[in-house]
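Raw contents of coords.txt, compact mmCIF, C-alpha atoms and all ligand atoms:
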```
# COMPACT_ATOMS: atom_id res chain seq x y z
CA MET A 25 -0.51 10.05 -38.62
CA LEU A 26 2.36 7.89 -37.33
CA ILE A 27 4.27 9.13 -34.32
CA ARG A 28 8.01 8.59 -34.04
CA ALA A 29 9.08 6.57 -31.05
CA PHE A 30 12.21 4.95 -29.69
CA LYS A 31 11.84 1.21 -30.20
CA SER A 32 14.05 -1.80 -29.78
CA ARG A 33 12.24 -4.07 -32.28
CA PRO A 34 9.95 -3.31 -35.21
CA TYR A 35 6.82 -4.65 -33.48
CA ASP A 36 7.19 -3.84 -29.78
CA LEU A 37 4.18 -3.96 -27.46
CA ALA A 38 5.30 -0.80 -25.69
CA VAL A 39 7.29 2.06 -27.16
CA ASN A 40 8.75 5.20 -25.70
CA THR A 41 6.27 7.93 -26.57
CA ILE A 42 8.70 10.58 -25.37
CA GLY A 43 10.40 11.45 -28.65
CA PRO A 44 13.43 13.62 -29.53
CA ASP A 45 11.23 16.71 -30.06
CA ASP A 46 9.69 16.28 -26.58
CA LEU A 47 13.16 15.97 -25.04
CA ARG A 48 14.35 19.08 -26.86
CA GLU A 49 11.40 21.03 -25.45
CA LEU A 50 12.11 19.64 -21.98
CA ILE A 51 15.80 20.53 -22.17
CA ALA A 52 14.99 24.10 -23.28
CA TRP A 53 12.75 24.40 -20.22
CA LEU A 54 15.41 22.89 -17.91
CA ARG A 55 17.96 25.46 -19.15
CA ARG A 56 15.85 28.08 -17.41
CA TYR A 57 16.64 26.38 -14.05
CA PRO A 58 13.01 25.90 -13.06
CA ARG A 59 11.81 24.55 -9.75
CA LEU A 60 11.61 20.74 -10.00
CA THR A 61 9.58 19.73 -6.96
CA MET A 62 5.79 19.94 -7.26
CA GLY A 63 4.53 23.45 -8.01
CA ALA A 64 2.95 25.55 -10.75
CA GLU A 65 3.77 23.15 -13.65
CA THR A 66 1.82 20.40 -11.90
CA GLY A 67 -1.10 22.79 -11.43
CA ARG A 68 -1.03 23.71 -15.13
CA PHE A 69 -0.89 20.08 -16.28
CA GLN A 70 -3.72 19.10 -13.92
CA GLN A 71 -5.87 21.91 -15.37
CA ALA A 72 -4.99 20.93 -18.95
CA TRP A 73 -5.85 17.31 -18.17
CA SER A 74 -9.19 18.29 -16.60
CA ASN A 75 -10.00 20.33 -19.71
CA TRP A 76 -9.04 17.46 -22.01
CA LEU A 77 -11.11 14.91 -20.09
CA GLY A 78 -14.00 17.21 -19.21
CA VAL A 79 -13.92 16.93 -15.41
CA LYS A 80 -13.70 19.58 -12.70
CA TYR A 81 -10.66 18.35 -10.77
CA SER A 82 -7.51 16.35 -11.49
CA VAL A 83 -4.76 15.51 -9.00
CA MET A 84 -1.46 14.26 -10.40
CA CYS A 85 0.57 11.67 -8.50
CA ASN A 86 3.66 9.57 -9.12
CA SER A 87 2.09 6.48 -10.75
CA GLY A 88 -1.13 4.75 -11.76
CA ALA A 89 -0.72 2.41 -8.79
CA SER A 90 -0.47 5.45 -6.50
CA ALA A 91 -3.65 6.75 -8.13
CA ASN A 92 -5.28 3.40 -7.20
CA LEU A 93 -4.09 3.88 -3.62
CA LEU A 94 -5.42 7.43 -3.51
CA MET A 95 -8.85 6.46 -4.89
CA TYR A 96 -9.44 4.07 -1.98
CA ALA A 97 -7.92 6.42 0.59
CA ALA A 98 -10.01 9.38 -0.63
CA LEU A 99 -13.26 7.41 -0.47
CA ALA A 100 -12.55 6.39 3.13
CA SER A 101 -11.21 9.80 4.15
CA ALA A 102 -14.25 11.61 2.69
CA GLY A 103 -16.56 9.25 4.61
CA LEU A 104 -17.93 7.55 1.48
CA ALA A 105 -16.69 3.99 2.00
CA GLY A 106 -19.54 2.74 4.23
CA LYS A 107 -18.75 -0.70 5.64
CA ARG A 108 -15.82 -0.94 3.20
CA LYS A 109 -17.17 -3.66 0.96
CA VAL A 110 -15.84 -3.30 -2.58
CA VAL A 111 -16.41 -5.26 -5.79
CA VAL A 112 -13.18 -5.76 -7.74
CA PRO A 113 -12.80 -7.21 -11.24
CA ALA A 114 -11.16 -10.59 -11.88
CA THR A 115 -9.53 -9.05 -14.95
CA GLY A 116 -7.65 -5.83 -14.30
CA TRP A 117 -4.51 -4.87 -12.43
CA PRO A 118 -3.40 -5.99 -8.94
CA THR A 119 -3.23 -2.43 -7.59
CA ASP A 120 -7.00 -2.14 -8.19
CA ILE A 121 -7.28 -4.64 -5.33
CA ALA A 122 -4.13 -4.26 -3.20
CA PRO A 123 -5.29 -1.14 -1.30
CA ALA A 124 -8.48 -2.96 -0.28
CA ILE A 125 -6.31 -5.64 1.33
CA GLN A 126 -3.82 -3.14 2.77
CA PHE A 127 -6.56 -0.94 4.27
CA GLY A 128 -8.60 -3.86 5.63
CA TRP A 129 -11.61 -3.54 3.28
CA GLN A 130 -13.57 -6.58 2.12
CA PRO A 131 -12.93 -7.15 -1.60
CA ILE A 132 -15.40 -9.32 -3.53
CA MET A 133 -14.18 -10.55 -6.90
CA CYS A 134 -16.44 -10.43 -9.97
CA GLU A 135 -16.37 -12.51 -13.18
CA SER A 136 -15.30 -10.97 -16.50
CA ASP A 137 -17.45 -10.32 -19.53
CA PRO A 138 -17.05 -11.87 -23.01
CA VAL A 139 -17.97 -8.62 -24.80
CA THR A 140 -15.68 -6.22 -22.89
CA PHE A 141 -13.45 -8.42 -20.67
CA GLY A 142 -14.45 -5.94 -17.92
CA LEU A 143 -17.03 -6.56 -15.18
CA ASN A 144 -19.73 -9.04 -16.18
CA MET A 145 -22.92 -7.17 -15.34
CA ALA A 146 -25.07 -10.27 -14.67
CA SER A 147 -22.46 -11.61 -12.22
CA LEU A 148 -22.15 -8.15 -10.68
CA GLU A 149 -25.90 -7.98 -10.09
CA THR A 150 -25.78 -11.30 -8.23
CA VAL A 151 -22.96 -9.93 -6.04
CA LEU A 152 -24.82 -6.65 -5.44
CA LYS A 153 -27.97 -8.50 -4.28
CA ARG A 154 -25.99 -10.75 -1.97
CA GLU A 155 -23.31 -8.44 -0.56
CA HIS A 156 -24.62 -4.84 -0.74
CA PRO A 157 -21.17 -3.29 -1.40
CA GLU A 158 -20.78 0.49 -1.28
CA THR A 159 -18.08 0.62 -3.98
CA VAL A 160 -17.55 -1.00 -7.38
CA VAL A 161 -14.16 -0.75 -9.10
CA VAL A 162 -14.51 -1.04 -12.87
CA VAL A 163 -11.52 -1.39 -15.21
CA HIS A 164 -11.74 -0.57 -18.93
CA VAL A 165 -9.62 -3.57 -19.80
CA LEU A 166 -6.70 -2.58 -22.05
CA GLY A 167 -8.82 0.15 -23.59
CA VAL A 168 -12.10 -1.70 -24.19
CA PRO A 169 -14.79 0.34 -22.40
CA ALA A 170 -16.83 -1.57 -19.84
CA ASN A 171 -20.59 -1.45 -20.33
CA MET A 172 -21.12 1.77 -18.39
CA THR A 173 -24.79 2.05 -19.43
CA ARG A 174 -25.55 -1.25 -17.69
CA LEU A 175 -23.33 -0.34 -14.74
CA ARG A 176 -25.16 2.93 -14.20
CA GLU A 177 -28.52 1.15 -14.41
CA LEU A 178 -27.30 -1.17 -11.63
CA GLN A 179 -26.03 1.84 -9.69
CA ARG A 180 -29.50 3.43 -9.83
CA ARG A 181 -31.07 0.18 -8.62
CA TYR A 182 -28.61 -0.83 -5.90
CA GLY A 183 -26.75 2.38 -4.99
CA PHE A 184 -22.94 2.29 -4.89
CA ASN A 185 -19.99 4.49 -5.86
CA ILE A 186 -18.29 3.77 -9.18
CA ILE A 187 -14.51 4.00 -9.35
CA GLU A 188 -13.12 3.81 -12.89
CA ASP A 189 -9.65 2.59 -13.71
CA CYS A 190 -8.73 4.10 -17.08
CA CYS A 191 -4.98 3.50 -16.72
CA ALA A 192 -4.83 1.78 -20.11
CA SER A 193 -7.77 3.42 -21.90
CA HIS A 194 -6.99 7.09 -22.53
CA GLY A 195 -9.45 8.32 -25.16
CA SER A 196 -11.75 5.30 -25.21
CA CYS A 197 -15.45 6.20 -25.32
CA HIS A 198 -18.62 4.45 -24.24
CA GLN A 199 -21.51 5.59 -26.42
CA GLY A 200 -19.67 8.80 -27.34
CA ARG A 201 -18.58 9.70 -23.80
CA LEU A 202 -14.95 9.51 -22.66
CA VAL A 203 -14.12 6.85 -20.09
CA GLY A 204 -13.05 8.52 -16.88
CA THR A 205 -16.13 10.77 -16.82
CA PHE A 206 -18.63 8.21 -15.50
CA GLY A 207 -17.38 7.39 -12.01
CA LEU A 208 -17.16 9.36 -8.78
CA ILE A 209 -13.39 8.95 -9.19
CA SER A 210 -11.35 7.89 -12.22
CA VAL A 211 -7.64 7.16 -12.53
CA PHE A 212 -5.06 7.21 -15.33
CA SER A 213 -1.45 6.04 -15.69
CA PHE A 214 1.31 7.81 -17.61
CA TYR A 215 3.83 4.99 -17.42
CA TYR A 216 6.08 3.93 -20.30
CA GLY A 217 4.16 2.32 -23.14
CA HIS A 218 0.84 3.91 -22.22
CA HIS A 219 -0.90 6.31 -24.63
CA MET A 220 1.29 9.10 -23.25
CA SER A 221 4.05 9.05 -20.67
CA THR A 222 5.51 11.24 -17.95
CA VAL A 223 8.20 8.55 -17.24
CA GLU A 224 6.24 7.58 -14.11
CA GLY A 225 2.96 9.30 -13.32
CA GLY A 226 -0.73 9.01 -12.61
CA MET A 227 -3.84 11.17 -12.37
CA VAL A 228 -6.91 10.97 -10.14
CA CYS A 229 -9.99 12.78 -11.47
CA THR A 230 -13.33 13.70 -9.93
CA ASN A 231 -16.17 16.22 -10.11
CA ASP A 232 -16.70 16.00 -6.34
CA GLN A 233 -15.20 18.91 -4.40
CA LYS A 234 -14.93 17.03 -1.10
CA VAL A 235 -13.17 14.06 -2.71
CA TYR A 236 -10.86 16.51 -4.50
CA GLN A 237 -9.86 18.24 -1.27
CA HIS A 238 -9.17 14.92 0.43
CA LEU A 239 -7.03 13.87 -2.55
CA LEU A 240 -4.96 17.06 -2.21
CA MET A 241 -4.31 16.38 1.47
CA LEU A 242 -3.72 12.64 1.07
CA ARG A 243 -1.13 13.20 -1.67
CA SER A 244 1.00 15.39 0.62
CA HIS A 245 1.31 14.17 4.20
CA GLY A 246 -2.28 15.09 5.11
CA TRP A 247 -1.35 18.77 5.46
CA LEU A 248 -3.47 21.84 4.70
CA LYS A 249 -0.81 23.50 2.55
CA ASP A 250 -2.17 22.33 -0.81
CA LEU A 251 -5.86 23.05 -0.12
CA PRO A 252 -7.63 25.99 -1.76
CA ALA A 253 -7.45 28.92 0.70
CA ALA A 254 -11.15 28.92 1.60
CA ALA A 255 -11.13 25.19 2.42
CA ALA A 256 -7.99 25.56 4.54
CA ARG A 257 -9.59 28.50 6.40
CA ARG A 258 -12.62 26.36 7.28
CA VAL A 259 -10.39 23.73 8.93
CA MET A 260 -8.36 26.41 10.71
CA LYS A 261 -11.55 27.97 12.08
CA LYS A 262 -12.95 24.63 13.24
CA TYR A 263 -9.74 23.70 15.11
CA ARG A 264 -8.83 27.30 16.06
CA VAL A 265 -5.50 27.08 14.28
CA GLU A 266 -3.64 30.37 14.00
CA ALA A 267 -2.45 31.44 10.55
CA PHE A 268 1.25 30.85 11.26
CA HIS A 269 0.55 27.14 11.97
CA ALA A 270 -1.86 26.60 9.08
CA PRO A 271 0.32 25.22 6.24
CA PHE A 272 1.85 22.56 8.47
CA THR A 273 -1.35 21.57 10.20
CA PHE A 274 -2.03 17.91 9.45
CA ALA A 275 -5.75 17.37 9.01
CA ILE A 276 -5.81 13.67 8.05
CA PRO A 277 -3.33 10.78 7.89
CA GLY A 278 -1.67 11.14 4.47
CA PHE A 279 1.09 9.86 2.20
CA ASN A 280 3.68 11.45 -0.02
CA LEU A 281 2.69 10.45 -3.57
CA ARG A 282 3.62 13.69 -5.30
CA PRO A 283 4.86 13.97 -8.90
CA THR A 284 7.81 16.17 -9.87
CA GLU A 285 7.56 19.27 -12.04
CA LEU A 286 9.64 17.41 -14.60
CA SER A 287 6.90 14.80 -14.99
CA ALA A 288 4.19 17.44 -15.11
CA ARG A 289 6.05 19.42 -17.78
CA LEU A 290 6.49 16.23 -19.81
CA GLY A 291 2.78 15.55 -19.36
CA ALA A 292 1.88 18.94 -20.79
CA ILE A 293 4.23 18.34 -23.75
CA GLN A 294 2.85 14.83 -24.38
CA LEU A 295 -0.77 15.95 -24.04
CA LYS A 296 -0.39 17.99 -27.24
CA LYS A 297 0.09 14.71 -29.14
CA LEU A 298 -2.42 12.59 -27.25
CA ASP A 299 -5.35 12.95 -29.66
CA ALA A 300 -3.18 11.93 -32.63
CA ALA A 301 -1.92 8.92 -30.66
CA ILE A 302 -5.48 7.93 -29.80
CA ASP A 303 -6.63 8.21 -33.44
CA ARG A 304 -3.80 5.88 -34.52
CA ARG A 305 -4.55 3.35 -31.76
CA VAL A 306 -8.28 3.38 -32.56
CA ALA A 307 -7.63 2.83 -36.27
CA ASN A 308 -5.13 0.02 -35.56
CA HIS A 309 -7.56 -1.67 -33.19
CA GLN A 310 -10.22 -1.62 -35.89
CA VAL A 311 -7.84 -3.36 -38.32
CA TYR A 312 -7.26 -6.10 -35.71
CA GLN A 313 -10.99 -6.53 -35.19
CA ARG A 314 -11.72 -6.71 -38.92
CA ARG A 315 -8.85 -9.07 -39.76
CA LEU A 316 -9.07 -11.42 -36.75
CA LYS A 317 -12.85 -11.89 -36.61
CA GLY A 318 -13.49 -15.62 -36.73
CA VAL A 319 -9.72 -16.33 -36.45
CA ILE A 320 -9.13 -15.82 -32.74
CA GLY A 321 -11.14 -14.66 -29.72
CA PHE A 322 -11.17 -11.00 -28.60
CA ALA A 323 -13.49 -8.51 -26.88
CA PRO A 324 -15.67 -6.96 -29.60
CA GLY A 325 -16.74 -4.19 -27.21
CA VAL A 326 -20.21 -2.70 -26.87
CA PRO A 327 -21.44 -1.73 -30.39
CA GLY A 328 -20.72 1.95 -31.06
CA ASP A 329 -17.94 2.24 -28.47
CA ARG A 330 -14.52 3.66 -29.37
CA ILE A 331 -11.61 1.41 -28.39
CA SER A 332 -8.29 3.20 -27.89
CA SER A 333 -6.35 0.13 -26.83
CA ILE A 334 -2.96 -0.08 -25.15
CA SER A 335 -2.49 -3.54 -26.71
CA PHE A 336 -4.86 -5.82 -28.59
CA CYS A 337 -5.92 -8.69 -26.36
CA ALA A 338 -6.48 -11.96 -28.17
CA VAL A 339 -7.64 -15.25 -26.67
CA ALA A 340 -6.64 -18.66 -28.00
CA ARG A 341 -9.03 -21.59 -27.57
CA GLN A 342 -6.50 -23.84 -25.88
CA ALA A 343 -2.99 -23.64 -24.44
CA ALA A 344 -1.56 -25.52 -27.47
CA GLU A 345 -2.98 -22.95 -29.89
CA ARG A 346 -1.57 -20.08 -27.82
CA LYS A 347 1.84 -21.76 -27.80
CA ARG A 348 1.77 -22.13 -31.60
CA ILE A 349 0.88 -18.48 -32.08
CA ILE A 350 3.50 -17.25 -29.61
CA LEU A 351 6.21 -19.25 -31.38
CA ALA A 352 5.18 -17.76 -34.73
CA LEU A 353 5.14 -14.23 -33.29
CA ASP A 354 8.58 -14.74 -31.80
CA LYS A 355 9.92 -16.04 -35.12
CA HIS A 356 8.70 -12.86 -36.83
CA ARG A 357 10.08 -10.64 -34.02
CA ILE A 358 6.62 -9.57 -32.92
CA ASP A 359 6.46 -8.80 -29.21
CA THR A 360 3.83 -10.57 -27.04
CA ARG A 361 3.10 -11.49 -23.44
CA ILE A 362 0.34 -13.03 -21.32
CA PHE A 363 -2.95 -11.18 -20.97
CA THR A 364 -2.04 -8.84 -18.08
CA ALA A 365 -2.91 -10.97 -15.08
CA GLY A 366 -5.74 -12.88 -16.84
CA ASN A 367 -7.63 -13.95 -13.74
CA LEU A 368 -6.28 -11.99 -10.74
CA GLY A 369 -8.00 -14.50 -8.47
CA ARG A 370 -5.44 -17.13 -9.48
CA HIS A 371 -2.44 -15.09 -8.31
CA PRO A 372 -0.78 -15.74 -4.93
CA PHE A 373 -1.67 -12.32 -3.44
CA TRP A 374 -5.38 -13.24 -3.78
CA ARG A 375 -5.45 -17.03 -3.40
CA ASP A 376 -3.37 -17.00 -0.20
CA ARG A 377 -6.07 -14.89 1.46
CA TYR A 378 -9.39 -15.82 -0.15
CA GLY A 379 -8.72 -19.07 -2.07
CA VAL A 380 -8.58 -19.41 -5.85
CA PHE A 381 -11.30 -17.47 -7.70
CA THR A 382 -12.65 -19.55 -10.55
CA ALA A 383 -15.06 -18.30 -13.20
CA PRO A 384 -15.36 -19.41 -16.85
CA MET A 385 -14.48 -16.16 -18.64
CA ALA A 386 -11.69 -15.02 -16.29
CA ASP A 387 -10.17 -18.51 -16.47
CA ALA A 388 -10.39 -18.53 -20.29
CA LEU A 389 -8.44 -15.24 -20.32
CA TYR A 390 -5.88 -16.69 -17.89
CA ARG A 391 -5.35 -19.83 -20.00
CA GLY A 392 -5.63 -18.44 -23.52
CA GLY A 393 -5.02 -14.68 -23.38
CA PHE A 394 -2.06 -12.92 -24.97
CA PHE A 395 -1.21 -9.44 -26.27
CA LEU A 396 -0.62 -8.21 -29.79
CA PRO A 397 1.11 -4.84 -30.29
CA ASN A 398 -0.84 -1.64 -30.70
CA ASN A 399 0.81 1.73 -30.35
CA GLN A 400 1.08 5.02 -32.19
CA SER A 401 4.23 4.03 -34.06
CA LEU A 402 2.47 1.16 -35.88
CA SER A 403 0.63 1.64 -39.18
CA ALA A 404 -2.41 -0.20 -40.51
CA ALA A 405 0.00 -2.14 -42.76
CA ASP A 406 2.03 -3.23 -39.69
CA ILE A 407 -1.13 -4.48 -38.01
CA ALA A 408 -2.20 -6.33 -41.18
CA TYR A 409 1.21 -8.05 -41.22
CA ILE A 410 0.83 -9.14 -37.58
CA CYS A 411 -2.66 -10.45 -38.37
CA ASP A 412 -1.24 -12.51 -41.26
CA VAL A 413 1.26 -14.14 -38.89
CA VAL A 414 -1.49 -14.96 -36.36
CA GLN A 415 -3.83 -16.27 -39.06
CA LYS A 416 -1.16 -18.60 -40.49
CA ALA A 417 -0.28 -19.88 -37.01
CA VAL A 418 -3.93 -20.64 -36.23
CA GLY A 419 -4.10 -22.52 -39.53
C1 LIG B 1 -5.50 -1.04 -15.34
C2 LIG B 1 -4.24 -0.57 -14.68
N1 LIG B 1 -4.30 0.01 -13.46
C3 LIG B 1 -3.20 0.46 -12.84
C4 LIG B 1 -1.96 0.35 -13.41
C5 LIG B 1 -0.75 0.86 -12.69
O1 LIG B 1 -0.15 1.94 -13.34
P1 LIG B 1 1.39 2.30 -13.09
O2 LIG B 1 2.21 1.31 -13.85
O3 LIG B 1 1.53 3.69 -13.63
O4 LIG B 1 1.62 2.24 -11.63
C6 LIG B 1 -1.84 -0.25 -14.68
C7 LIG B 1 -0.51 -0.40 -15.32
O5 LIG B 1 -0.39 -0.78 -16.45
C8 LIG B 1 -3.01 -0.73 -15.32
O6 LIG B 1 -2.96 -1.30 -16.54
```

How would this structure read if it were set down as structure tokens?
Amino acid sequence: MLIRAFKSRPYDLAVNTIGPDDLRELIAWLRRYPRLTMGAETGRFQQAWSNWLGVKYSVMCNSGASANLLMYAALASAGLAGKRKVVVPATGWPTDIAPAIQFGWQPIMCESDPVTFGLNMASLETVLKREHPETVVVVHVLGVPANMTRLRELQRRYGFNIIEDCCASHGSCHQGRLVGTFGLISVFSFYYGHHMSTVEGGMVCTNDQKVYQHLLMLRSHGWLKDLPAAAARRVMKKYRVEAFHAPFTFAIPGFNLRPTELSARLGAIQLKKLDAAIDRRVANHQVYQRRLKGVIGFAPGVPGDRISSISFCAVARQAAERKRIILALDKHRIDTRIFTAGNLGRHPFWRDRYGVFTAPMADALYRGGFFLPNNQSLSAADIAYICDVVQKAVG
């Protein structure tokens, strides 16, 4: 099924998934003059998201980057960060790393993998032996699931917490299991152009009750007000806080990263269409893989995995080839851009502190990577057309 979307060009990378029907539903709700700051709608969307993903707890916040911030803060606040050494991927998003720098952790960058473009497990094992980090951040790069079977084997051997960034991989599965259900904490983004959108928005998910309670406090100033009653009572008893003071008792240093009810309501509306959007993206991704095999480089993924991609990431052999393809795409009004950040270790925020990170795969993605459109408004025929353009440009 194709899903209508507002688009500026026929083959955009990102489209507005909030369609006229969604807006009509939102307007009907607004006519009832509901509360718009965080409240019951957020609670309902969090529960619906937990049910969809199959986790115990979800905490909505105002962006995927805020979810990245919260995942670090919750680990530290819950006493799970150890000496604050964290492995971060060379290919991912800068906000997977920024909180480590901002909070004074020690980030160690890891090479990317040719099969998934996520963490390279052999390189990771070398880092684990040498550095003994307590945390590993894994990104399912643009929807291609990382090799979670290998990662969990390494976890059993070396012992560390897994944090999963699923901001661009809603509905992707590793060996039949949804990404976002493997780690101690997982995060999602609902920004424009993602599988579903709440305008701005993010979600932090966990099965761990302690982490959940710290997330609730961290999201809202560090206060007790949002905690389940029994948990709040425990803190009040420990610190002999009288009931009148309880809601505005500040247990930990927090932020304000709350969503609005408007975003949560949109999330609930969009969630109804998420599975259809995922099916379309999975089918489109398969067309790319079939048509571009042997034409251009891409991450095949672990055999048997389901790839619900945000965009299709292709890799040219050299800069000249990429240039040729980009010109052809532009001529045919097909949207493209560089491969996210390619190698994050080449960007100023990293190199100014730790020096340039060089590794063969991450550098190949930096030099040759580019995006091809995949979204729920594109049909298999659209994807076949884009593949024809790429194939002709490669020659
Ligand atoms: C892997 C990853 N993490 C985090 C983010 C940040 O999400 P947001 O744009 O909602 O802040 C993105 C954004 O695309 C992303 O791709």

Selection near Gly142 in chain A, 10 Å with all atoms listed in the file, sequence-local residues under 6 positions removed, as an NGL selection string: :A and (113-116 or 134-136 or 162-166 or 168-171 or 323 or 325 or 386)

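The closest residue to ligand LIG 1 (chain B), picked from A:Tyr216, A:Tyr378, A:Trp53, A:Phe69 and counting all atoms listed in the file, is A:Tyr216.
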
Atom-to-atom span, CA of Leu47 in chain A and CA of Gly78 in chain A, Å: 27.8 Å

Residues within 10 Å of (-8.8, -2.8, -35.2), file coords, all atoms listed in the file, listed as an MDAnalysis selection string: chainID A and resid 305:316 324 331:333 336 398 404 407:408

I need the chosen residues saved as a PDB file, in the frame of the given file, with C-alpha atoms.
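The result, written out as result-v8.pdb:
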```
ATOM      1  CA  ARG A 305      -4.550   3.350 -31.760  1.00  0.00           C
ATOM      2  CA  VAL A 306      -8.280   3.380 -32.560  1.00  0.00           C
ATOM      3  CA  ALA A 307      -7.630   2.830 -36.270  1.00  0.00           C
ATOM      4  CA  ASN A 308      -5.130   0.020 -35.560  1.00  0.00           C
ATOM      5  CA  HIS A 309      -7.560  -1.670 -33.190  1.00  0.00           C
ATOM      6  CA  GLN A 310     -10.220  -1.620 -35.890  1.00  0.00           C
ATOM      7  CA  VAL A 311      -7.840  -3.360 -38.320  1.00  0.00           C
ATOM      8  CA  TYR A 312      -7.260  -6.100 -35.710  1.00  0.00           C
ATOM      9  CA  GLN A 313     -10.990  -6.530 -35.190  1.00  0.00           C
ATOM     10  CA  ARG A 314     -11.720  -6.710 -38.920  1.00  0.00           C
ATOM     11  CA  ARG A 315      -8.850  -9.070 -39.760  1.00  0.00           C
ATOM     12  CA  LEU A 316      -9.070 -11.420 -36.750  1.00  0.00           C
ATOM     13  CA  PRO A 324     -15.670  -6.960 -29.600  1.00  0.00           C
ATOM     14  CA  ILE A 331     -11.610   1.410 -28.390  1.00  0.00           C
ATOM     15  CA  SER A 332      -8.290   3.200 -27.890  1.00  0.00           C
ATOM     16  CA  SER A 333      -6.350   0.130 -26.830  1.00  0.00           C
ATOM     17  CA  PHE A 336      -4.860  -5.820 -28.590  1.00  0.00           C
ATOM     18  CA  ASN A 398      -0.840  -1.640 -30.700  1.00  0.00           C
ATOM     19  CA  ALA A 404      -2.410  -0.200 -40.510  1.00  0.00           C
ATOM     20  CA  ILE A 407      -1.130  -4.480 -38.010  1.00  0.00           C
ATOM     21  CA  ALA A 408      -2.200  -6.330 -41.180  1.00  0.00           C
TER      22      ALA A 408
END
```

Env. residues ligand LIG 1 (chain B) / 8 Å / only C-alpha atoms and all ligand atoms / as a VMD selection string: chain A and resid 86 to 92 116 to 120 163 to 166 189 to 192 211 to 216 218 224 to 226 364

Residues near range 264-274 of chain A, cut-off 7 Å, only C-alpha atoms, skip fewer than 3 positions along chain, as a PDB file with C-alpha atoms, in the coordinates of the input:
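File written: result21.pdb
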```pdb
ATOM      1  CA  GLY A 246      -2.280  15.090   5.110  1.00  0.00           C
ATOM      2  CA  TRP A 247      -1.350  18.770   5.460  1.00  0.00           C
ATOM      3  CA  LEU A 248      -3.470  21.840   4.700  1.00  0.00           C
ATOM      4  CA  LYS A 249      -0.810  23.500   2.550  1.00  0.00           C
ATOM      5  CA  MET A 260      -8.360  26.410  10.710  1.00  0.00           C
ATOM      6  CA  LYS A 261     -11.550  27.970  12.080  1.00  0.00           C
TER       7      LYS A 261
END
```

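The coordinates place CA of Phe322 in chain A at 10.6 Å from CA of Gly392 in chain A.
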
Atomic separation - CA of Ala388 in chain A relative to CA of Gln342 in chain A, Å: 8.6 Å

Ref. answer, residues at most 12 Å from (-1.4, 24.1, -1.5) with only C-alpha atoms, as a PyMOL selection string: chain A and resi 62-64+66-67+83+237+239-256+270-273

Nearby residues (all atoms listed in the file) at most 6 Å from Cys229 in chain A, same-chain spacing under 2 positions excluded, as a PyMOL selection string: chain A and resi 81-82+209-210

Nearest residue to Thr205 in chain A from the set A:Tyr263, A:Trp76, A:Tyr96, A:Tyr182 (distances using all atoms listed in the file): A:Trp76

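Residue nearest Gly393 in chain A, chosen from A:Ile186, A:Cys337, A:Leu178, A:Ala146 and counting only C-alpha atoms: A:Cys337.
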
Pick from A:Ala275, A:Val414, A:Phe394, A:Ala365, whichever lies nearest to Arg258 in chain A using all atoms listed in the file: A:Ala275

With only C-alpha atoms as the counted atoms, please give the residues lying no more than 9 Å from Gly195 in chain A, apart from itself and same-chain residues fewer than 6 positions off, as a compact mmCIF listing (two decimals) with C-alpha atoms, in the coordinates of the input.
```
# COMPACT_ATOMS: atom_id res chain seq x y z
CA LEU A 77 -11.11 14.91 -20.09
CA GLY A 167 -8.82 0.15 -23.59
CA LEU A 202 -14.95 9.51 -22.66
CA VAL A 203 -14.12 6.85 -20.09
CA HIS A 219 -0.90 6.31 -24.63
CA LEU A 298 -2.42 12.59 -27.25
CA ASP A 299 -5.35 12.95 -29.66
CA ILE A 302 -5.48 7.93 -29.80
CA ASP A 303 -6.63 8.21 -33.44
CA VAL A 306 -8.28 3.38 -32.56
CA ARG A 330 -14.52 3.66 -29.37
CA ILE A 331 -11.61 1.41 -28.39
CA SER A 332 -8.29 3.20 -27.89
CA SER A 333 -6.35 0.13 -26.83
```

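Among the candidate residues A:Val228, A:Leu37, A:Ile410, A:Ile132, the one lying nearest to Ser74 in chain A is A:Val228, with distances computed using only C-alpha atoms.
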
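Among the candidates A:Asn75, A:Thr61, A:Asn231, A:Thr382, the residue lying nearest to Pro283 in chain A is A:Thr61 (atoms considered: only C-alpha atoms).
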
Who sits within 12 Å of Glu49 in chain A, all atoms listed in the file, same chain under 5 positions skipped, as a PyMOL selection string: chain A and resi 42-44+54-56+286+289-294

Would you mind completing range 263-268 of chain A to N, CA and C atoms and writing the output as a compact mmCIF listing (two decimals), keeping the file's coordinate frame?
```txt
# COMPACT_ATOMS: atom_id res chain seq x y z
N TYR A 263 -10.71 24.17 14.09
CA TYR A 263 -9.74 23.70 15.11
C TYR A 263 -9.00 24.87 15.78
N ARG A 264 -9.44 26.08 15.49
CA ARG A 264 -8.83 27.30 16.06
C ARG A 264 -7.31 27.30 15.87
N VAL A 265 -6.93 27.08 14.61
CA VAL A 265 -5.50 27.08 14.28
C VAL A 265 -5.11 28.48 13.86
N GLU A 266 -4.05 29.02 14.41
CA GLU A 266 -3.64 30.37 14.00
C GLU A 266 -2.90 30.30 12.66
N ALA A 267 -2.93 31.41 11.94
CA ALA A 267 -2.45 31.44 10.55
C ALA A 267 -1.02 30.91 10.41
N PHE A 268 -0.15 31.25 11.35
CA PHE A 268 1.25 30.85 11.26
C PHE A 268 1.40 29.32 11.23
```
